[in-house]
$ cat structure16.cif   # mmCIF, C-alpha atoms
data_query
#
loop_
_atom_site.label_atom_id
_atom_site.label_comp_id
_atom_site.auth_asym_id
_atom_site.auth_seq_id
_atom_site.Cartn_x
_atom_site.Cartn_y
_atom_site.Cartn_z
CA MET A 372 90.52 118.64 81.71
CA SER A 373 92.85 116.07 83.21
CA ALA A 374 96.10 117.53 81.78
CA GLY A 375 95.08 121.05 82.81
CA GLU A 376 94.15 119.89 86.28
CA LEU A 377 97.49 118.12 86.58
CA ALA A 378 99.32 121.33 85.61
CA VAL A 379 97.33 123.38 88.14
CA LEU A 380 98.07 120.91 90.93
CA ALA A 381 101.77 120.74 89.95
CA ALA A 382 101.99 124.55 90.06
CA GLU A 383 100.55 124.46 93.57
CA LEU A 384 103.30 122.19 94.91
CA PRO A 385 105.25 124.23 97.46
CA ALA A 386 108.97 125.05 97.12
CA TYR A 387 109.79 122.35 99.68
CA ALA A 388 108.06 119.60 97.68
CA ARG A 389 109.71 120.70 94.43
CA SER A 390 113.21 120.92 95.91
CA LEU A 391 112.76 117.48 97.48
CA GLY A 392 112.14 116.25 93.91
CA ILE A 393 108.41 115.54 94.18
CA GLY A 394 106.33 115.66 91.01
CA ILE A 395 102.76 114.81 90.07
CA GLU A 396 102.71 111.59 88.12
CA ARG A 397 99.06 111.20 87.10
CA LEU A 398 95.49 111.42 88.33
CA GLU A 399 93.79 108.30 89.63
CA GLN A 400 90.03 108.67 89.89
CA GLY A 401 90.54 112.40 90.16
CA MET A 402 93.19 112.15 92.87
CA PRO A 403 96.82 113.11 92.17
CA VAL A 404 99.52 110.43 92.45
CA LEU A 405 102.77 112.04 93.60
CA ALA A 406 106.21 110.57 92.87
CA LEU A 407 109.48 111.06 94.76
CA PRO A 408 112.54 109.73 92.91
CA PHE A 409 115.32 108.34 95.10
CA ASP A 410 118.33 110.63 95.40
CA SER A 411 121.02 111.39 98.00
CA GLN A 412 118.97 114.31 99.34
CA VAL A 413 116.17 111.98 100.49
CA GLU A 414 118.44 109.19 101.75
CA GLY A 415 118.58 108.18 105.41
CA ARG A 416 120.52 105.02 106.20
CA PRO A 417 122.51 104.04 103.09
CA GLY A 418 120.11 102.84 100.39
CA VAL A 419 117.00 103.61 102.45
CA LEU A 420 114.57 106.53 102.12
CA HIS A 421 114.72 108.87 105.15
CA GLY A 422 111.55 108.82 107.25
CA GLY A 423 111.40 112.60 107.08
CA ALA A 424 111.40 112.49 103.27
CA THR A 425 108.67 109.82 103.34
CA SER A 426 106.65 112.12 105.60
CA GLY A 427 107.26 115.03 103.22
CA LEU A 428 105.90 112.97 100.32
CA LEU A 429 102.86 111.83 102.34
CA GLU A 430 102.03 115.37 103.46
CA SER A 431 102.44 116.73 99.93
CA ALA A 432 100.10 114.03 98.58
CA GLY A 433 97.58 114.83 101.33
CA TYR A 434 97.56 118.53 100.47
CA ALA A 435 97.37 117.80 96.72
CA ALA A 436 94.36 115.50 97.26
CA LEU A 437 92.60 118.16 99.32
CA ARG A 438 93.35 120.87 96.75
CA ALA A 439 92.00 118.68 93.94
CA GLU A 440 88.77 118.22 95.88
CA LEU A 441 88.55 121.94 96.72
CA HIS A 442 89.02 122.84 93.04
CA ARG A 443 86.10 120.55 92.14
CA GLN A 444 83.95 122.35 94.71
CA GLN A 445 85.30 125.71 93.47
CA ARG A 446 86.36 126.68 96.95
CA SER A 447 89.32 128.98 97.57
CA VAL A 448 90.75 128.53 101.05
CA ARG A 449 94.07 128.72 102.85
CA LEU A 450 95.19 125.45 104.41
CA LYS A 451 96.67 125.25 107.90
CA PRO A 452 97.95 121.97 109.29
CA ILE A 453 96.56 120.84 112.64
CA GLY A 454 98.19 117.47 112.89
CA VAL A 455 99.71 114.56 111.05
CA THR A 456 100.40 111.01 112.18
CA VAL A 457 102.73 108.93 110.05
CA GLN A 458 102.94 105.15 110.32
CA PHE A 459 106.07 103.55 108.91
CA LEU A 460 105.35 100.01 107.73
CA THR A 461 108.60 98.96 106.12
CA ALA A 462 111.88 100.47 104.94
CA ALA A 463 111.49 102.24 101.59
CA ARG A 464 114.37 101.28 99.30
CA ASN A 465 116.39 103.24 96.74
CA GLN A 466 113.72 103.58 94.07
CA THR A 467 110.85 105.94 93.31
CA THR A 468 108.15 106.18 95.98
CA PHE A 469 104.54 107.08 95.13
CA ALA A 470 101.76 108.50 97.28
CA ILE A 471 98.05 109.23 96.95
CA GLY A 472 95.64 110.90 99.35
CA ARG A 473 91.95 110.29 100.05
CA VAL A 474 89.72 112.93 101.56
CA ASN A 475 87.73 111.13 104.24
CA ARG A 476 85.89 114.19 105.40
CA LEU A 477 85.62 117.67 103.98
CA GLY A 478 83.72 120.09 106.15
CA ARG A 479 83.59 123.86 106.11
CA ARG A 480 86.42 124.34 108.57
CA ASN A 481 88.40 121.14 108.62
CA ALA A 482 89.34 118.16 106.52
CA ASN A 483 90.52 114.67 107.39
CA ILE A 484 92.80 113.01 104.86
CA GLU A 485 94.30 109.55 104.64
CA VAL A 486 97.48 109.05 102.62
CA LEU A 487 99.21 105.94 101.30
CA ALA A 488 102.82 105.63 100.07
CA TRP A 489 104.17 102.64 98.15
CA GLN A 490 107.00 101.60 95.86
CA ASP A 491 106.20 98.55 93.69
CA ASP A 492 102.64 97.73 94.65
CA PRO A 493 99.98 100.02 96.16
CA ALA A 494 98.61 96.95 97.97
CA ARG A 495 101.87 96.78 99.94
CA PRO A 496 102.29 100.32 101.31
CA VAL A 497 105.60 101.43 102.87
CA ALA A 498 103.97 104.17 104.97
CA THR A 499 100.57 105.72 105.68
CA ALA A 500 99.48 109.02 107.20
CA VAL A 501 96.39 110.64 108.62
CA MET A 502 96.19 114.43 108.41
CA ASN A 503 93.84 116.96 109.95
CA ILE A 504 93.79 120.28 108.16
CA LEU A 505 92.11 123.55 109.01
CA MET A 506 90.66 125.62 106.18
CA VAL A 507 90.41 129.40 106.31
CA GLU A 508 88.24 131.18 103.73
CA ASP A 509 90.23 133.46 101.45
CA GLY A 510 89.65 137.15 101.96
CA GLY A 511 87.96 136.37 105.25
CA MET B 348 128.75 117.73 130.58
CA PRO B 349 128.88 117.66 126.78
CA GLY B 350 132.44 118.31 125.78
CA GLY B 351 132.39 116.86 122.31
CA LEU B 352 134.50 113.88 123.30
CA ALA B 353 133.09 110.42 123.68
CA GLN B 354 132.95 109.34 127.28
CA THR B 355 134.08 105.81 127.99
CA GLY B 356 130.88 104.13 129.06
CA ARG B 357 132.22 100.66 129.60
CA MET B 358 135.49 99.10 130.62
CA ASN B 359 137.76 96.90 128.58
CA GLY B 360 137.49 98.28 125.09
CA ALA B 361 133.68 98.26 124.78
CA ALA B 362 132.26 100.78 122.32
CA PRO B 363 132.42 104.34 123.67
CA ARG B 364 129.18 105.87 124.90
CA PHE B 365 127.21 107.60 122.10
CA ASP B 366 127.93 111.31 122.04
CA PRO B 367 125.35 113.32 120.03
CA ALA B 368 127.57 116.37 119.53
CA GLN B 369 130.29 114.25 118.03
CA ALA B 370 127.95 111.97 116.06
CA ALA B 371 126.25 115.03 114.51
CA ARG B 372 129.43 115.70 112.54
CA PHE B 373 129.04 112.56 110.45
CA LEU B 374 125.25 112.08 110.73
CA PHE B 375 124.64 115.53 109.23
CA ALA B 376 127.46 115.46 106.69
CA ARG B 377 125.43 113.82 103.95
CA ALA B 378 122.11 112.43 102.74
CA HIS B 379 118.75 113.91 103.83
CA PRO B 380 119.89 115.50 107.15
CA GLY B 381 122.89 117.02 105.35
CA TRP B 382 120.68 118.41 102.58
CA LEU B 383 118.40 120.01 105.20
CA GLY B 384 121.44 121.53 106.95
CA LEU B 385 120.50 120.14 110.37
CA HIS B 386 122.92 120.83 113.18
CA TYR B 387 123.41 119.88 116.81
CA ALA B 388 122.30 122.39 119.45
CA ALA B 389 122.29 120.71 122.89
CA HIS B 390 121.60 117.51 124.76
CA GLY B 391 120.92 116.06 128.22
CA SER B 392 120.91 112.54 129.59
CA ASP B 393 117.79 111.52 127.59
CA TRP B 394 117.16 114.36 125.14
CA VAL B 395 118.72 115.99 122.10
CA GLU B 396 118.02 119.37 120.53
CA LEU B 397 118.77 120.03 116.87
CA THR B 398 118.34 123.10 114.68
CA LEU B 399 116.85 123.35 111.20
CA PRO B 400 118.07 126.59 109.59
CA TRP B 401 115.60 128.62 107.53
CA ARG B 402 115.97 128.30 103.77
CA GLU B 403 113.86 129.67 100.91
CA ASP B 404 113.53 126.28 99.17
CA LEU B 405 112.10 124.65 102.31
CA VAL B 406 109.10 126.97 102.44
CA GLY B 407 105.68 125.32 102.55
CA GLU B 408 103.37 127.95 101.16
CA THR B 409 104.78 130.02 98.31
CA GLY B 410 105.49 133.57 99.39
CA SER B 411 104.83 132.95 103.08
CA GLY B 412 108.46 132.55 104.13
CA VAL B 413 107.32 129.89 106.61
CA LEU B 414 109.15 126.56 106.74
CA ALA B 415 107.06 123.61 105.49
CA THR B 416 105.92 121.00 107.97
CA GLY B 417 107.84 118.24 106.14
CA PRO B 418 111.33 119.41 107.17
CA ILE B 419 110.03 119.83 110.74
CA VAL B 420 109.06 116.13 110.75
CA SER B 421 112.59 115.29 109.51
CA LEU B 422 114.07 117.47 112.26
CA MET B 423 112.00 115.80 114.99
CA ASP B 424 112.60 112.29 113.60
CA MET B 425 116.39 112.85 113.70
CA ALA B 426 116.21 114.38 117.18
CA CYS B 427 114.23 111.29 118.30
CA GLY B 428 116.79 108.84 116.93
CA MET B 429 119.65 110.72 118.57
CA ALA B 430 117.72 110.99 121.86
CA ILE B 431 117.35 107.18 121.88
CA TRP B 432 121.08 106.68 121.28
CA THR B 433 121.88 109.29 123.93
CA ALA B 434 119.52 107.74 126.51
CA THR B 435 120.77 104.20 125.91
CA GLY B 436 124.37 105.22 125.21
CA GLU B 437 124.39 102.85 122.28
CA PHE B 438 124.40 103.58 118.55
CA ARG B 439 122.12 100.85 117.22
CA ALA B 440 119.69 100.55 114.34
CA VAL B 441 116.23 101.94 115.03
CA ALA B 442 113.16 102.29 112.83
CA THR B 443 110.39 104.84 113.29
CA LEU B 444 107.12 103.00 113.87
CA ASP B 445 104.92 106.05 114.14
CA LEU B 446 105.33 109.73 114.60
CA ARG B 447 102.56 112.14 115.51
CA VAL B 448 102.98 115.87 115.05
CA ASP B 449 100.49 118.44 116.38
CA TYR B 450 101.02 121.88 114.96
CA MET B 451 100.23 124.64 117.47
CA ARG B 452 100.92 127.46 115.03
CA PRO B 453 103.04 128.19 111.95
CA ALA B 454 106.71 129.03 112.51
CA ARG B 455 107.60 132.71 112.05
CA ALA B 456 108.63 133.74 108.53
CA GLY B 457 112.38 133.46 108.06
CA ALA B 458 112.89 131.73 111.41
CA ALA B 459 115.00 128.64 112.07
CA VAL B 460 113.19 125.85 113.93
CA HIS B 461 114.66 124.06 116.93
CA GLY B 462 113.51 120.56 117.79
CA ARG B 463 113.99 118.86 121.14
CA SER B 464 113.08 115.21 121.58
CA GLN B 465 113.15 113.27 124.84
CA CYS B 466 113.36 109.50 125.09
CA TYR B 467 111.25 108.92 128.20
CA ARG B 468 111.01 105.14 128.11
CA VAL B 469 112.96 102.28 126.59
CA THR B 470 111.92 98.62 126.61
CA ARG B 471 113.74 95.64 125.11
CA SER B 472 112.24 96.27 121.68
CA ALA B 473 110.81 99.78 121.64
CA ALA B 474 111.58 103.39 122.58
CA PHE B 475 108.98 106.05 123.40
CA LEU B 476 109.55 109.70 122.64
CA ARG B 477 108.00 113.11 123.05
CA GLY B 478 109.22 116.49 122.01
CA THR B 479 108.56 120.03 120.91
CA ALA B 480 109.64 122.27 118.06
CA HIS B 481 109.99 126.01 118.60
CA ASP B 482 111.27 129.03 116.70
CA GLY B 483 113.02 130.92 119.47
CA ASP B 484 110.91 130.64 122.61
CA PRO B 485 110.76 127.08 123.99
CA ASP B 486 107.65 128.06 126.00
CA ASP B 487 105.76 128.94 122.83
CA PRO B 488 106.21 125.81 120.71
CA VAL B 489 105.37 125.48 117.03
CA ALA B 490 104.60 121.78 117.43
CA HIS B 491 104.39 118.91 119.89
CA ILE B 492 105.39 115.42 118.82
CA ALA B 493 105.05 111.85 120.07
CA GLY B 494 106.85 108.91 118.55
CA VAL B 495 107.42 105.18 118.93
CA PHE B 496 110.57 103.57 117.57
CA MET B 497 111.60 99.92 117.32
CA PHE B 498 115.07 98.51 117.67
CA ILE B 499 116.10 96.48 114.63
CA PRO B 500 117.68 93.25 115.90
CA GLY B 501 120.99 92.12 114.51
CA GLN B 502 121.88 95.44 112.92
CA SER B 503 124.40 97.85 114.36
CA ARG B 504 123.42 100.66 112.01
#
$ encode --input "structure16.cif" --output "structure tokens"
Amino acid sequence: MSAGELAVLAAELPAYARSLGIGIERLEQGMPVLALPFDSQVEGRPGVLHGGATSGLLESAGYAALRAELHRQQRSVRLKPIGVTVQFLTAARNQTTFAIGRVNRLGRRNANIEVLAWQDDPARPVATAVMNILMVEDGG
Amino acid sequence: MPGGLAQTGRMNGAAPRFDPAQAARFLFARAHPGWLGLHYAAHGSDWVELTLPWREDLVGETGSGVLATGPIVSLMDMACGMAIWTATGEFRAVATLDLRVDYMRPARAGAAVHGRSQCYRVTRSAAFLRGTAHDGDPDDPVAHIAGVFMFIPGQSR
């Protein structure tokens, strides 16, 4: 189930996430852990991850977490972003960055998701995000 | 008026005043902004407008043709940094503390997105920004943003 679920979630990553270099690393208690390897295309100041790329990883992890939860509930909806707030805690260095989302609330029309990004230790995050997402029923 | 040449902001060989049009040439030549293809559009005394060209591999929802929100955050983050340097006249190291983006509507399929950020307040340690992203009509924005940046002491970027 886990490997299949991973493949489904990976296939759902949008073109932007894939071209940034984001992949799905593993599932942690049912939630996908996304990984963004360091490369020149995500670099800001020399040797430092660009804040925009960090945001891209956080948003992708937020959507992936929500999709994983929607799959479990067998719901098919289109997702529309309402808002995202990103907090940058420390500079992310030239190594792989990971991110995982947590669905804090999943209603019929909207979802609230919290996302964490880290490099060496999840207990020392480099950035966090809160996302509000609108859900539109498919075929509605 | 922006003429592409650095104005001399201070006397006696001090660093020339930051000029966003000129700085864009090296800021967008490489790394993440270069990969996105960002370019300079316009600026005023405390704001900078940049453009994010449309590209198939930056699309957020497969088949929609609509730019993902991620590159729009990158666009606004860069416009914020450059607005700070333009408002203060000084090219110094800044770090984004937080950035809030409210999406009014999706961008049109195949459309470039333009992001304008204004640095409306600077203190000794922080800069406060607001801005909008639009896809052609500035009065019908795609997103509104608000950001807080910190100056990094002892680093001249």
$ interface_residues --input "structure16.cif" --of "chain A" --to "chain B" --cutoff "9 Å" --atoms "all atoms listed in the file" --output "VMD selection string"
chain A and resid 383 to 391 410 to 417 420 to 431 451 to 462
$ resolve_selection --input "structure16.cif" --expression "the PyMOL selection byres ((chain A and resi 379) around 12)" --output "number ranges by chain"
A: 372-378, 380-384, 395, 403, 435, 438-439, 442
$ closest_residue --input "structure16.cif" --among "A:Leu450, A:Ala463, A:Ala500, A:Ile471" --to "A:Pro408" --atoms "only C-alpha atoms"
A:Ala463
$ residues_around --input "structure16.cif" --residues "B:Trp394" --least-positions-apart "5" --cutoff "7 Å" --atoms "all atoms listed in the file" --output "PDB file with C-alpha atoms, in the coordinates of the input"
ATOM      1  CA  ALA B 430     117.720 110.990 121.860  1.00  0.00           C
ATOM      2  CA  ARG B 463     113.990 118.860 121.140  1.00  0.00           C
ATOM      3  CA  SER B 464     113.080 115.210 121.580  1.00  0.00           C
ATOM      4  CA  GLN B 465     113.150 113.270 124.840  1.00  0.00           C
ATOM      5  CA  CYS B 466     113.360 109.500 125.090  1.00  0.00           C
TER       6      CYS B 466
END
$ closest_residue --input "structure16.cif" --among "B:Gly501, B:Pro485, B:Pro400, B:Gly428" --to "B:Val460" --atoms "all atoms listed in the file"
B:Pro400
$ atom_distance --input "structure16.cif" --atom1 "atom CA of A:Gly401" --atom2 "atom CA of A:Gln445"
14.7 Å
$ atom_distance --input "structure16.cif" --atom1 "atom CA of A:Ile393" --atom2 "atom CA of B:Val441"
26.1 Å
$ residues_around --input "structure16.cif" --residues "stretch 488-494 of chain A" --least-positions-apart "4" --cutoff "7 Å" --atoms "only C-alpha atoms" --output "PyMOL selection string"
chain A and resi 429+467-471+498-499
$ write_last_selection --input "structure16.cif" --atoms "C-alpha atoms" --output "PDB file, in the coordinates of the input"
ATOM      1  CA  LEU A 429     102.860 111.830 102.340  1.00  0.00           C
ATOM      2  CA  THR A 467     110.850 105.940  93.310  1.00  0.00           C
ATOM      3  CA  THR A 468     108.150 106.180  95.980  1.00  0.00           C
ATOM      4  CA  PHE A 469     104.540 107.080  95.130  1.00  0.00           C
ATOM      5  CA  ALA A 470     101.760 108.500  97.280  1.00  0.00           C
ATOM      6  CA  ILE A 471      98.050 109.230  96.950  1.00  0.00           C
ATOM      7  CA  ALA A 498     103.970 104.170 104.970  1.00  0.00           C
ATOM      8  CA  THR A 499     100.570 105.720 105.680  1.00  0.00           C
TER       9      THR A 499
END
$ atom_distance --input "structure16.cif" --atom1 "atom CA of B:Val395" --atom2 "atom CA of B:Cys427"
7.5 Å
$ closest_residue --input "structure16.cif" --among "B:Ala473, B:Ala388, B:Ile431, B:Val413" --to "B:Arg455" --atoms "all atoms listed in the file"
B:Val413
$ closest_residue --input "structure16.cif" --among "A:Ala436, A:Asn503, A:Asn465, A:Ile484" --to "A:Val404" --atoms "all atoms listed in the file"
A:Ala436
$ resolve_selection --input "structure16.cif" --expression "the PyMOL selection byres ((chain B and resi 372) around 12)" --output "ChimeraX atom specification"
/B:351,366-371,373-377,380-381,384-388
$ residues_near_point --input "structure16.cif" --point "(87.6, 128.8, 102.5)" --cutoff "9 Å" --atoms "all atoms listed in the file" --output "list in words"
Arg446, Ser447, Val448, Arg449, Leu450, Arg479, Arg480, Met506, Val507, Glu508, Asp509, Gly510 and Gly511 of chain A
$ closest_residue --input "structure16.cif" --among "A:Gly472, A:Asn483, A:Arg464, A:Leu477" --to "A:Gly433" --atoms "all atoms listed in the file"
A:Gly472
$ residues_around --input "structure16.cif" --residues "B:Ala458" --least-positions-apart "4" --cutoff "7 Å" --atoms "only C-alpha atoms" --output "ChimeraX atom specification"
/B:401,454,482
$ axis_aligned_box --input "structure16.cif" --around "stretch 476-490 of chain A" --padding-each-side "4 Å" --output "AutoDock Vina command-line options"
--center_x 95.3 --center_y 113.0 --center_z 102.2 --size_x 31.4 --size_y 30.7 --size_z 20.8
$ decode --input "structure16.cif" --residues "stretch 385-428 of chain A" --atoms "C-alpha atoms" --output "PDB file, in the first residue's frame"
ATOM      1  CA  PRO A 385       3.107  19.414 -10.462  1.00  0.00           C
ATOM      2  CA  ALA A 386       5.560  20.298 -13.254  1.00  0.00           C
ATOM      3  CA  TYR A 387       6.946  23.145 -11.130  1.00  0.00           C
ATOM      4  CA  ALA A 388       7.831  20.850  -8.212  1.00  0.00           C
ATOM      5  CA  ARG A 389       9.455  18.284 -10.510  1.00  0.00           C
ATOM      6  CA  SER A 390      11.519  20.840 -12.426  1.00  0.00           C
ATOM      7  CA  LEU A 391      12.673  22.369  -9.132  1.00  0.00           C
ATOM      8  CA  GLY A 392      14.014  18.882  -8.308  1.00  0.00           C
ATOM      9  CA  ILE A 393      11.496  17.923  -5.610  1.00  0.00           C
ATOM     10  CA  GLY A 394      10.833  14.239  -5.011  1.00  0.00           C
ATOM     11  CA  ILE A 395       8.901  12.204  -2.467  1.00  0.00           C
ATOM     12  CA  GLU A 396      11.314  10.546  -0.091  1.00  0.00           C
ATOM     13  CA  ARG A 397       9.081   8.390   2.117  1.00  0.00           C
ATOM     14  CA  LEU A 398       5.868   8.326   4.108  1.00  0.00           C
ATOM     15  CA  GLU A 399       5.969   9.164   7.789  1.00  0.00           C
ATOM     16  CA  GLN A 400       2.821   8.117   9.622  1.00  0.00           C
ATOM     17  CA  GLY A 401       0.984   8.323   6.338  1.00  0.00           C
ATOM     18  CA  MET A 402       2.303  11.772   5.456  1.00  0.00           C
ATOM     19  CA  PRO A 403       4.723  12.278   2.543  1.00  0.00           C
ATOM     20  CA  VAL A 404       8.222  13.613   3.266  1.00  0.00           C
ATOM     21  CA  LEU A 405       9.413  15.689   0.307  1.00  0.00           C
ATOM     22  CA  ALA A 406      13.089  16.253  -0.520  1.00  0.00           C
ATOM     23  CA  LEU A 407      14.704  19.104  -2.454  1.00  0.00           C
ATOM     24  CA  PRO A 408      18.366  18.468  -3.350  1.00  0.00           C
ATOM     25  CA  PHE A 409      20.594  21.553  -3.444  1.00  0.00           C
ATOM     26  CA  ASP A 410      21.467  22.710  -6.951  1.00  0.00           C
ATOM     27  CA  SER A 411      22.275  26.005  -8.689  1.00  0.00           C
ATOM     28  CA  GLN A 412      18.624  26.400  -9.740  1.00  0.00           C
ATOM     29  CA  VAL A 413      17.484  26.681  -6.105  1.00  0.00           C
ATOM     30  CA  GLU A 414      20.414  28.793  -4.904  1.00  0.00           C
ATOM     31  CA  GLY A 415      19.977  32.346  -3.617  1.00  0.00           C
ATOM     32  CA  ARG A 416      23.010  33.934  -2.002  1.00  0.00           C
ATOM     33  CA  PRO A 417      26.045  31.735  -2.769  1.00  0.00           C
ATOM     34  CA  GLY A 418      25.748  28.467  -0.845  1.00  0.00           C
ATOM     35  CA  VAL A 419      22.314  29.313   0.563  1.00  0.00           C
ATOM     36  CA  LEU A 420      18.898  28.003  -0.519  1.00  0.00           C
ATOM     37  CA  HIS A 421      16.733  30.759  -2.064  1.00  0.00           C
ATOM     38  CA  GLY A 422      13.706  31.670   0.056  1.00  0.00           C
ATOM     39  CA  GLY A 423      11.473  31.226  -2.978  1.00  0.00           C
ATOM     40  CA  ALA A 424      12.708  27.655  -3.449  1.00  0.00           C
ATOM     41  CA  THR A 425      12.155  26.971   0.266  1.00  0.00           C
ATOM     42  CA  SER A 426       8.599  28.265  -0.154  1.00  0.00           C
ATOM     43  CA  GLY A 427       8.136  26.065  -3.219  1.00  0.00           C
ATOM     44  CA  LEU A 428       9.173  23.001  -1.204  1.00  0.00           C
TER      45      LEU A 428
END
